[in-house]
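query.txt, holding compact mmCIF, N, CA, C and O atoms:
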# COMPACT_ATOMS: atom_id res chain seq x y z
N MET A 1 80.37 92.76 100.79
CA MET A 1 81.66 92.35 101.31
C MET A 1 82.16 93.43 102.25
O MET A 1 82.09 94.61 101.95
N PHE A 2 82.67 93.02 103.37
CA PHE A 2 83.18 93.88 104.42
C PHE A 2 84.69 93.72 104.50
O PHE A 2 85.18 92.59 104.64
N THR A 3 85.45 94.79 104.38
CA THR A 3 86.91 94.73 104.45
C THR A 3 87.37 95.66 105.56
O THR A 3 86.98 96.83 105.60
N LYS A 4 88.21 95.13 106.46
CA LYS A 4 88.64 95.96 107.59
C LYS A 4 89.97 95.45 108.14
O LYS A 4 90.20 94.25 108.23
N LEU A 5 90.85 96.38 108.52
CA LEU A 5 92.06 96.05 109.26
C LEU A 5 91.69 95.96 110.73
O LEU A 5 91.13 96.92 111.29
N ILE A 6 91.96 94.81 111.35
CA ILE A 6 91.63 94.63 112.75
C ILE A 6 92.85 94.13 113.51
O ILE A 6 93.80 93.65 112.93
N ARG A 7 92.77 94.25 114.83
CA ARG A 7 93.78 93.69 115.73
C ARG A 7 93.07 92.66 116.59
O ARG A 7 92.02 92.95 117.18
N LEU A 8 93.61 91.44 116.66
CA LEU A 8 92.98 90.39 117.44
C LEU A 8 92.98 90.73 118.93
O LEU A 8 94.00 91.14 119.48
N GLY A 9 91.82 90.57 119.55
CA GLY A 9 91.67 90.89 120.97
C GLY A 9 91.99 89.72 121.88
O GLY A 9 92.12 89.90 123.09
N ARG A 10 92.08 88.54 121.31
CA ARG A 10 92.46 87.34 122.06
C ARG A 10 92.97 86.31 121.06
O ARG A 10 92.76 86.47 119.86
N ASP A 11 93.62 85.28 121.55
CA ASP A 11 94.07 84.21 120.67
C ASP A 11 92.86 83.54 120.01
O ASP A 11 91.82 83.36 120.65
N ALA A 12 93.00 83.18 118.75
CA ALA A 12 91.93 82.51 118.03
C ALA A 12 91.74 81.09 118.58
O ALA A 12 92.68 80.48 119.08
N GLU A 13 90.50 80.59 118.49
CA GLU A 13 90.17 79.25 118.97
C GLU A 13 89.66 78.41 117.81
O GLU A 13 88.75 78.84 117.10
N LEU A 14 90.25 77.23 117.65
CA LEU A 14 89.82 76.31 116.61
C LEU A 14 88.91 75.26 117.23
O LEU A 14 89.27 74.62 118.21
N LYS A 15 87.72 75.12 116.66
CA LYS A 15 86.74 74.15 117.15
C LYS A 15 86.28 73.28 116.00
O LYS A 15 86.43 73.64 114.83
N THR A 16 85.73 72.14 116.33
CA THR A 16 85.19 71.23 115.33
C THR A 16 83.72 70.99 115.65
O THR A 16 83.38 70.69 116.80
N THR A 17 82.85 71.13 114.66
CA THR A 17 81.43 70.90 114.86
C THR A 17 81.15 69.40 114.96
O THR A 17 82.03 68.57 114.69
N THR A 18 79.94 69.04 115.33
CA THR A 18 79.57 67.63 115.45
C THR A 18 79.63 66.91 114.11
O THR A 18 79.77 65.70 114.07
N THR A 19 79.55 67.67 113.02
CA THR A 19 79.64 67.06 111.68
C THR A 19 81.07 66.99 111.17
O THR A 19 81.30 66.53 110.05
N GLY A 20 82.04 67.46 111.97
CA GLY A 20 83.44 67.38 111.59
C GLY A 20 83.99 68.61 110.88
O GLY A 20 85.15 68.64 110.51
N THR A 21 83.20 69.64 110.70
CA THR A 21 83.65 70.88 110.06
C THR A 21 84.42 71.72 111.07
O THR A 21 83.98 71.89 112.20
N GLN A 22 85.56 72.24 110.66
CA GLN A 22 86.35 73.08 111.54
C GLN A 22 85.96 74.54 111.38
O GLN A 22 85.63 75.00 110.28
N VAL A 23 86.00 75.27 112.51
CA VAL A 23 85.72 76.70 112.49
C VAL A 23 86.71 77.39 113.43
O VAL A 23 86.94 76.95 114.54
N LEU A 24 87.33 78.44 112.91
CA LEU A 24 88.27 79.25 113.68
C LEU A 24 87.54 80.51 114.12
O LEU A 24 87.05 81.28 113.29
N ASN A 25 87.42 80.71 115.43
CA ASN A 25 86.73 81.87 115.97
C ASN A 25 87.73 82.84 116.59
O ASN A 25 88.67 82.42 117.27
N PHE A 26 87.53 84.13 116.33
CA PHE A 26 88.37 85.15 116.93
C PHE A 26 87.61 86.47 116.99
O PHE A 26 86.65 86.68 116.26
N ALA A 27 88.05 87.33 117.90
CA ALA A 27 87.45 88.66 118.04
C ALA A 27 88.50 89.69 117.66
O ALA A 27 89.67 89.57 118.03
N GLY A 28 88.08 90.69 116.91
CA GLY A 28 88.98 91.74 116.49
C GLY A 28 88.43 93.11 116.83
O GLY A 28 87.23 93.28 117.02
N ALA A 29 89.32 94.07 116.92
CA ALA A 29 88.93 95.43 117.25
C ALA A 29 89.48 96.40 116.22
O ALA A 29 90.55 96.18 115.66
N TYR A 30 88.71 97.46 115.99
CA TYR A 30 89.17 98.56 115.15
C TYR A 30 88.53 99.84 115.68
O TYR A 30 87.53 99.81 116.39
N ASN A 31 89.14 100.97 115.37
CA ASN A 31 88.65 102.25 115.87
C ASN A 31 87.73 102.90 114.86
O ASN A 31 87.96 102.84 113.66
N VAL A 32 86.69 103.56 115.39
CA VAL A 32 85.77 104.33 114.56
C VAL A 32 85.69 105.74 115.15
O VAL A 32 85.83 105.93 116.36
N GLY A 33 85.49 106.73 114.31
CA GLY A 33 85.41 108.11 114.77
C GLY A 33 86.78 108.76 114.82
O GLY A 33 87.80 108.14 114.51
N TYR A 34 86.79 110.01 115.25
CA TYR A 34 88.02 110.79 115.31
C TYR A 34 88.08 111.58 116.60
O TYR A 34 87.06 111.95 117.17
N GLY A 35 89.31 111.84 117.05
CA GLY A 35 89.53 112.68 118.22
C GLY A 35 88.81 112.18 119.46
O GLY A 35 88.88 111.00 119.80
N GLN A 36 88.07 113.08 120.12
CA GLN A 36 87.35 112.72 121.34
C GLN A 36 86.18 111.79 121.06
O GLN A 36 85.68 111.14 121.97
N ASN A 37 85.75 111.70 119.82
CA ASN A 37 84.63 110.83 119.46
C ASN A 37 85.08 109.43 119.04
O ASN A 37 84.27 108.60 118.66
N GLU A 38 86.40 109.17 119.09
CA GLU A 38 86.91 107.86 118.68
C GLU A 38 86.57 106.81 119.73
O GLU A 38 86.68 107.04 120.93
N LYS A 39 86.11 105.66 119.25
CA LYS A 39 85.86 104.53 120.15
C LYS A 39 86.20 103.23 119.44
O LYS A 39 86.37 103.19 118.22
N THR A 40 86.31 102.18 120.21
CA THR A 40 86.69 100.88 119.69
C THR A 40 85.45 100.07 119.36
O THR A 40 84.54 99.97 120.17
N GLN A 41 85.43 99.50 118.17
CA GLN A 41 84.35 98.60 117.73
C GLN A 41 84.90 97.19 117.70
O GLN A 41 85.97 96.95 117.15
N TRP A 42 84.18 96.25 118.29
CA TRP A 42 84.58 94.85 118.31
C TRP A 42 83.75 94.07 117.31
O TRP A 42 82.58 94.38 117.08
N ILE A 43 84.37 93.06 116.71
CA ILE A 43 83.68 92.20 115.75
C ILE A 43 84.10 90.75 116.01
O ILE A 43 85.29 90.45 116.15
N ASP A 44 83.11 89.87 116.14
CA ASP A 44 83.36 88.43 116.29
C ASP A 44 83.41 87.81 114.90
O ASP A 44 82.50 88.01 114.10
N CYS A 45 84.46 87.05 114.64
CA CYS A 45 84.69 86.49 113.31
C CYS A 45 84.74 84.97 113.35
O CYS A 45 85.21 84.39 114.33
N ALA A 46 84.28 84.36 112.27
CA ALA A 46 84.34 82.90 112.12
C ALA A 46 84.88 82.58 110.74
O ALA A 46 84.36 83.05 109.73
N LEU A 47 85.93 81.76 110.72
CA LEU A 47 86.53 81.28 109.47
C LEU A 47 86.25 79.79 109.39
O LEU A 47 86.77 79.01 110.17
N TRP A 48 85.38 79.39 108.48
CA TRP A 48 84.94 78.01 108.35
C TRP A 48 85.85 77.22 107.42
O TRP A 48 86.36 77.75 106.45
N GLY A 49 86.03 75.94 107.73
CA GLY A 49 86.79 75.04 106.86
C GLY A 49 88.19 74.77 107.38
O GLY A 49 88.58 75.20 108.47
N ASP A 50 88.95 74.07 106.56
CA ASP A 50 90.28 73.62 106.95
C ASP A 50 91.32 74.73 107.03
O ASP A 50 92.37 74.55 107.63
N ARG A 51 91.05 75.87 106.42
CA ARG A 51 92.04 76.96 106.42
C ARG A 51 92.40 77.39 107.84
O ARG A 51 93.53 77.75 108.12
N GLY A 52 91.42 77.36 108.73
CA GLY A 52 91.66 77.78 110.11
C GLY A 52 92.71 76.95 110.82
O GLY A 52 93.51 77.47 111.60
N ALA A 53 92.72 75.65 110.57
CA ALA A 53 93.68 74.76 111.23
C ALA A 53 95.11 75.09 110.85
O ALA A 53 96.03 74.94 111.66
N SER A 54 95.32 75.56 109.64
CA SER A 54 96.69 75.85 109.19
C SER A 54 97.21 77.20 109.67
O SER A 54 98.42 77.44 109.61
N VAL A 55 96.33 78.08 110.17
CA VAL A 55 96.79 79.41 110.59
C VAL A 55 96.54 79.70 112.07
O VAL A 55 96.97 80.74 112.56
N VAL A 56 95.89 78.80 112.78
CA VAL A 56 95.54 79.08 114.17
C VAL A 56 96.76 79.44 115.02
O VAL A 56 96.69 80.30 115.89
N GLN A 57 97.89 78.83 114.74
CA GLN A 57 99.10 79.10 115.52
C GLN A 57 99.61 80.53 115.35
O GLN A 57 100.37 81.03 116.18
N TYR A 58 99.23 81.20 114.28
CA TYR A 58 99.67 82.57 114.01
C TYR A 58 98.64 83.61 114.45
O TYR A 58 98.94 84.80 114.44
N MET A 59 97.44 83.17 114.80
CA MET A 59 96.35 84.09 115.14
C MET A 59 96.36 84.35 116.64
O MET A 59 95.54 83.83 117.39
N LYS A 60 97.30 85.18 117.07
CA LYS A 60 97.50 85.47 118.49
C LYS A 60 97.02 86.87 118.82
O LYS A 60 96.97 87.76 117.97
N LYS A 61 96.71 87.08 120.09
CA LYS A 61 96.27 88.38 120.57
C LYS A 61 97.26 89.46 120.13
O LYS A 61 98.47 89.29 120.26
N GLY A 62 96.74 90.53 119.57
CA GLY A 62 97.57 91.64 119.11
C GLY A 62 97.93 91.58 117.65
O GLY A 62 98.36 92.58 117.08
N SER A 63 97.79 90.42 117.00
CA SER A 63 98.11 90.30 115.58
C SER A 63 97.19 91.18 114.75
O SER A 63 96.00 91.30 115.04
N GLN A 64 97.73 91.77 113.71
CA GLN A 64 96.94 92.58 112.80
C GLN A 64 96.64 91.78 111.54
O GLN A 64 97.55 91.19 110.95
N ILE A 65 95.38 91.78 111.13
CA ILE A 65 94.99 91.12 109.89
C ILE A 65 93.95 91.99 109.18
O ILE A 65 93.26 92.79 109.80
N VAL A 66 93.91 91.83 107.88
CA VAL A 66 92.86 92.46 107.08
C VAL A 66 91.84 91.37 106.79
O VAL A 66 92.18 90.33 106.24
N ILE A 67 90.59 91.61 107.22
CA ILE A 67 89.56 90.61 107.01
C ILE A 67 88.67 91.02 105.84
O ILE A 67 88.44 92.20 105.59
N TYR A 68 88.22 90.02 105.11
CA TYR A 68 87.25 90.17 104.03
C TYR A 68 86.07 89.32 104.46
O TYR A 68 86.14 88.09 104.42
N GLY A 69 85.02 89.97 104.95
CA GLY A 69 83.92 89.24 105.55
C GLY A 69 82.63 89.35 104.76
O GLY A 69 82.45 90.22 103.92
N ASP A 70 81.75 88.43 105.09
CA ASP A 70 80.42 88.37 104.48
C ASP A 70 79.43 88.06 105.59
O ASP A 70 79.82 87.71 106.70
N ASP A 71 78.17 88.14 105.30
CA ASP A 71 77.12 87.84 106.27
C ASP A 71 77.29 88.65 107.55
O ASP A 71 77.16 88.15 108.66
N LEU A 72 77.59 89.94 107.41
CA LEU A 72 77.74 90.84 108.55
C LEU A 72 76.40 91.03 109.23
O LEU A 72 75.39 91.30 108.57
N GLN A 73 76.37 90.85 110.55
CA GLN A 73 75.12 91.02 111.28
C GLN A 73 75.38 91.58 112.67
O GLN A 73 76.49 91.49 113.18
N THR A 74 74.35 92.14 113.25
CA THR A 74 74.43 92.68 114.60
C THR A 74 73.69 91.75 115.54
O THR A 74 72.60 91.29 115.23
N GLU A 75 74.32 91.46 116.68
CA GLU A 75 73.69 90.60 117.68
C GLU A 75 73.46 91.41 118.95
O GLU A 75 74.35 92.13 119.40
N GLU A 76 72.29 91.29 119.52
CA GLU A 76 71.92 92.00 120.73
C GLU A 76 72.19 91.10 121.94
O GLU A 76 71.96 89.90 121.89
N PHE A 77 72.70 91.71 123.04
CA PHE A 77 72.92 90.93 124.26
C PHE A 77 72.73 91.84 125.47
O PHE A 77 72.70 93.06 125.35
N THR A 78 72.58 91.22 126.64
CA THR A 78 72.42 91.97 127.88
C THR A 78 73.76 91.97 128.62
O THR A 78 74.33 90.92 128.88
N LYS A 79 74.24 93.16 128.94
CA LYS A 79 75.50 93.31 129.65
C LYS A 79 75.33 92.93 131.12
O LYS A 79 74.21 92.79 131.61
N ASN A 80 76.45 92.78 131.82
CA ASN A 80 76.41 92.42 133.24
C ASN A 80 75.64 93.43 134.08
O ASN A 80 75.04 93.06 135.09
N ASP A 81 75.65 94.70 133.67
CA ASP A 81 74.95 95.73 134.43
C ASP A 81 73.46 95.83 134.06
O ASP A 81 72.75 96.68 134.55
N GLY A 82 73.01 94.94 133.17
CA GLY A 82 71.60 94.91 132.78
C GLY A 82 71.27 95.75 131.57
O GLY A 82 70.16 95.68 131.04
N SER A 83 72.22 96.56 131.10
CA SER A 83 71.96 97.39 129.93
C SER A 83 72.08 96.55 128.65
O SER A 83 72.65 95.47 128.65
N LEU A 84 71.53 97.09 127.59
CA LEU A 84 71.53 96.40 126.31
C LEU A 84 72.82 96.71 125.55
O LEU A 84 73.27 97.85 125.50
N GLY A 85 73.42 95.67 124.96
CA GLY A 85 74.62 95.84 124.17
C GLY A 85 74.46 95.22 122.80
O GLY A 85 73.56 94.40 122.59
N PHE A 86 75.32 95.59 121.89
CA PHE A 86 75.28 95.07 120.53
C PHE A 86 76.70 94.71 120.11
O PHE A 86 77.66 95.37 120.50
N LYS A 87 76.83 93.65 119.32
CA LYS A 87 78.14 93.31 118.77
C LYS A 87 77.97 92.89 117.32
O LYS A 87 76.91 92.41 116.91
N LEU A 88 79.03 93.10 116.56
CA LEU A 88 79.04 92.70 115.16
C LEU A 88 79.58 91.28 115.04
O LEU A 88 80.47 90.88 115.80
N LYS A 89 79.05 90.54 114.09
CA LYS A 89 79.53 89.19 113.79
C LYS A 89 79.65 89.08 112.27
O LYS A 89 78.86 89.69 111.55
N CYS A 90 80.63 88.31 111.81
CA CYS A 90 80.74 88.08 110.38
C CYS A 90 81.43 86.76 110.09
O CYS A 90 82.15 86.21 110.92
N ARG A 91 81.17 86.26 108.90
CA ARG A 91 81.82 85.06 108.39
C ARG A 91 82.98 85.53 107.52
O ARG A 91 82.80 86.34 106.61
N ILE A 92 84.17 85.05 107.81
CA ILE A 92 85.35 85.46 107.06
C ILE A 92 85.45 84.66 105.77
O ILE A 92 85.42 83.44 105.78
N VAL A 93 85.54 85.38 104.66
CA VAL A 93 85.73 84.77 103.35
C VAL A 93 87.22 84.56 103.11
O VAL A 93 87.64 83.51 102.62
N SER A 94 88.01 85.57 103.46
CA SER A 94 89.45 85.53 103.27
C SER A 94 90.09 86.53 104.22
O SER A 94 89.39 87.38 104.80
N PHE A 95 91.40 86.45 104.37
CA PHE A 95 92.11 87.43 105.19
C PHE A 95 93.56 87.48 104.75
O PHE A 95 94.05 86.58 104.07
N ASP A 96 94.23 88.55 105.14
CA ASP A 96 95.65 88.73 104.89
C ASP A 96 96.31 89.15 106.19
O ASP A 96 95.76 89.98 106.93
N PHE A 97 97.49 88.61 106.48
CA PHE A 97 98.24 89.08 107.63
C PHE A 97 98.79 90.46 107.29
O PHE A 97 99.31 90.68 106.21
N ALA A 98 98.66 91.39 108.24
CA ALA A 98 99.12 92.75 108.01
C ALA A 98 100.43 93.03 108.71
O ALA A 98 101.01 94.09 108.54
N GLY A 99 100.91 92.10 109.51
CA GLY A 99 102.17 92.28 110.19
C GLY A 99 102.02 93.07 111.46
O GLY A 99 101.04 93.78 111.67
N GLY A 100 102.96 92.91 112.32
CA GLY A 100 102.99 93.66 113.56
C GLY A 100 102.09 93.05 114.62
O GLY A 100 101.07 92.48 114.34
N THR A 101 102.54 93.16 115.84
CA THR A 101 101.73 92.76 116.99
C THR A 101 101.81 93.87 118.01
O THR A 101 102.73 94.68 118.01
N ASP A 102 100.87 93.87 118.89
CA ASP A 102 100.82 94.87 119.95
C ASP A 102 101.82 94.47 121.02
O ASP A 102 101.65 93.43 121.67
N THR A 103 102.84 95.26 121.23
CA THR A 103 103.87 94.93 122.21
C THR A 103 103.65 95.65 123.53
O THR A 103 104.48 95.60 124.42
N ARG A 104 102.54 96.33 123.68
CA ARG A 104 102.26 97.07 124.91
C ARG A 104 101.84 96.14 126.04
O ARG A 104 101.70 96.55 127.17
N GLY A 105 101.60 94.85 125.71
CA GLY A 105 101.31 93.87 126.73
C GLY A 105 99.89 93.79 127.05
O GLY A 105 99.35 93.29 127.91

Step by step, read the file and then write its structure as structure tokens.
Amino acid sequence: MFTKLIRLGRDAELKTTTTGTQVLNFAGAYNVGYGQNEKTQWIDCALWGDRGASVVQYMKKGSQIVIYGDDLQTEEFTKNDGSLGFKLKCRIVSFDFAGGTDTRG
């Protein structure tokens, strides 16, 4: 189980699969490291089932939530400049709103 406080990097998107299952997708960011070595880590999250439909209106860019994830995996991709990149992905089991939004715009 993966537990992390994240800040949403964009508004969450609710989609429906061809079988009728709903999935709420969102990307979150958190900081790793300290001082000059601190950097931002991004994680793509998926919340499966009807729960996503009831909270999508509150899952806005800048919102803070604590995620409890499972099936954490790394995905490899090619960046626009041709270099190799990696991103984290996880299936959300549960989450809690942590309050506060980023007002820096």

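Atom to atom, atom O of Asn37 (chain A) and atom O of Phe86 (chain A) stand 14.9 Å apart.
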
Seminar exercise, completed: Closest of A:Leu5, A:Cys45, A:Asp50, A:Tyr34 to Gln22 (chain A), counting only N, CA, C and O atoms, is A:Asp50

For this session: Can you pull out every residue within 6 Å of Phe77 (chain A), counting only N, CA, C and O atoms, but drop anything in the same chain fewer than 6 positions away, and send it as a VMD selection string?
Result: chain A and resid 83 to 87

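The coordinates place atom N of Trp48 (chain A) at 8.6 Å from atom O of Lys15 (chain A).
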
Problem set entry | Every residue of region 27-101 of chain A that DSSP places in strand (DSSP E or B), as a VMD selection string | chain A and resid 27 to 32 39 to 48 64 to 78 84 to 97

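Taking CA of Met1 (chain A) and CA of Leu88 (chain A) as the two end points, the separation is 14.1 Å.
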
Could you pull region 14-40 of chain A out of the structure just shown and give N, CA and C atoms as a compact mmCIF listing (two decimals), in the first residue's frame?
# COMPACT_ATOMS: atom_id res chain seq x y z
N LEU A 14 -13.31 12.30 -15.52
CA LEU A 14 -14.12 11.11 -15.34
C LEU A 14 -14.43 10.52 -16.70
N LYS A 15 -14.11 9.24 -16.87
CA LYS A 15 -14.36 8.55 -18.13
C LYS A 15 -15.14 7.27 -17.85
N THR A 16 -15.76 6.75 -18.87
CA THR A 16 -16.50 5.50 -18.77
C THR A 16 -15.93 4.53 -19.79
N THR A 17 -15.62 3.32 -19.36
CA THR A 17 -15.08 2.30 -20.27
C THR A 17 -16.21 1.76 -21.16
N THR A 18 -15.84 0.98 -22.15
CA THR A 18 -16.84 0.40 -23.05
C THR A 18 -17.78 -0.56 -22.33
N THR A 19 -17.35 -1.08 -21.18
CA THR A 19 -18.20 -1.98 -20.40
C THR A 19 -19.06 -1.23 -19.39
N GLY A 20 -18.94 0.10 -19.34
CA GLY A 20 -19.76 0.91 -18.46
C GLY A 20 -19.14 1.22 -17.11
N THR A 21 -17.92 0.79 -16.86
CA THR A 21 -17.24 1.07 -15.60
C THR A 21 -16.67 2.49 -15.63
N GLN A 22 -16.86 3.23 -14.56
CA GLN A 22 -16.33 4.58 -14.49
C GLN A 22 -14.94 4.58 -13.89
N VAL A 23 -14.09 5.48 -14.40
CA VAL A 23 -12.74 5.64 -13.86
C VAL A 23 -12.42 7.13 -13.81
N LEU A 24 -11.94 7.57 -12.66
CA LEU A 24 -11.53 8.95 -12.46
C LEU A 24 -10.02 9.00 -12.55
N ASN A 25 -9.50 9.76 -13.50
CA ASN A 25 -8.06 9.87 -13.71
C ASN A 25 -7.58 11.26 -13.28
N PHE A 26 -6.44 11.29 -12.59
CA PHE A 26 -5.84 12.56 -12.20
C PHE A 26 -4.35 12.38 -11.99
N ALA A 27 -3.62 13.48 -12.09
CA ALA A 27 -2.18 13.47 -11.86
C ALA A 27 -1.89 14.30 -10.62
N GLY A 28 -1.01 13.80 -9.79
CA GLY A 28 -0.64 14.50 -8.58
C GLY A 28 0.86 14.66 -8.46
N ALA A 29 1.27 15.63 -7.69
CA ALA A 29 2.69 15.90 -7.50
C ALA A 29 3.02 15.95 -6.02
N TYR A 30 4.23 15.51 -5.71
CA TYR A 30 4.77 15.64 -4.36
C TYR A 30 6.27 15.82 -4.47
N ASN A 31 6.87 16.40 -3.44
CA ASN A 31 8.31 16.67 -3.46
C ASN A 31 9.08 15.55 -2.81
N VAL A 32 10.25 15.25 -3.38
CA VAL A 32 11.16 14.27 -2.82
C VAL A 32 12.53 14.94 -2.66
N GLY A 33 13.28 14.54 -1.65
CA GLY A 33 14.59 15.12 -1.41
C GLY A 33 14.50 16.36 -0.54
N TYR A 34 15.65 16.95 -0.29
CA TYR A 34 15.73 18.12 0.58
C TYR A 34 16.66 19.16 -0.02
N GLY A 35 16.39 20.43 0.31
CA GLY A 35 17.27 21.52 -0.10
C GLY A 35 17.46 21.59 -1.60
N GLN A 36 18.72 21.67 -2.03
CA GLN A 36 19.04 21.78 -3.46
C GLN A 36 18.74 20.48 -4.20
N ASN A 37 18.60 19.38 -3.49
CA ASN A 37 18.31 18.09 -4.11
C ASN A 37 16.82 17.81 -4.22
N GLU A 38 15.98 18.76 -3.79
CA GLU A 38 14.53 18.55 -3.84
C GLU A 38 14.04 18.65 -5.28
N LYS A 39 13.17 17.71 -5.65
CA LYS A 39 12.53 17.76 -6.96
C LYS A 39 11.11 17.24 -6.85
N THR A 40 10.33 17.51 -7.87
CA THR A 40 8.93 17.14 -7.90
C THR A 40 8.76 15.79 -8.58
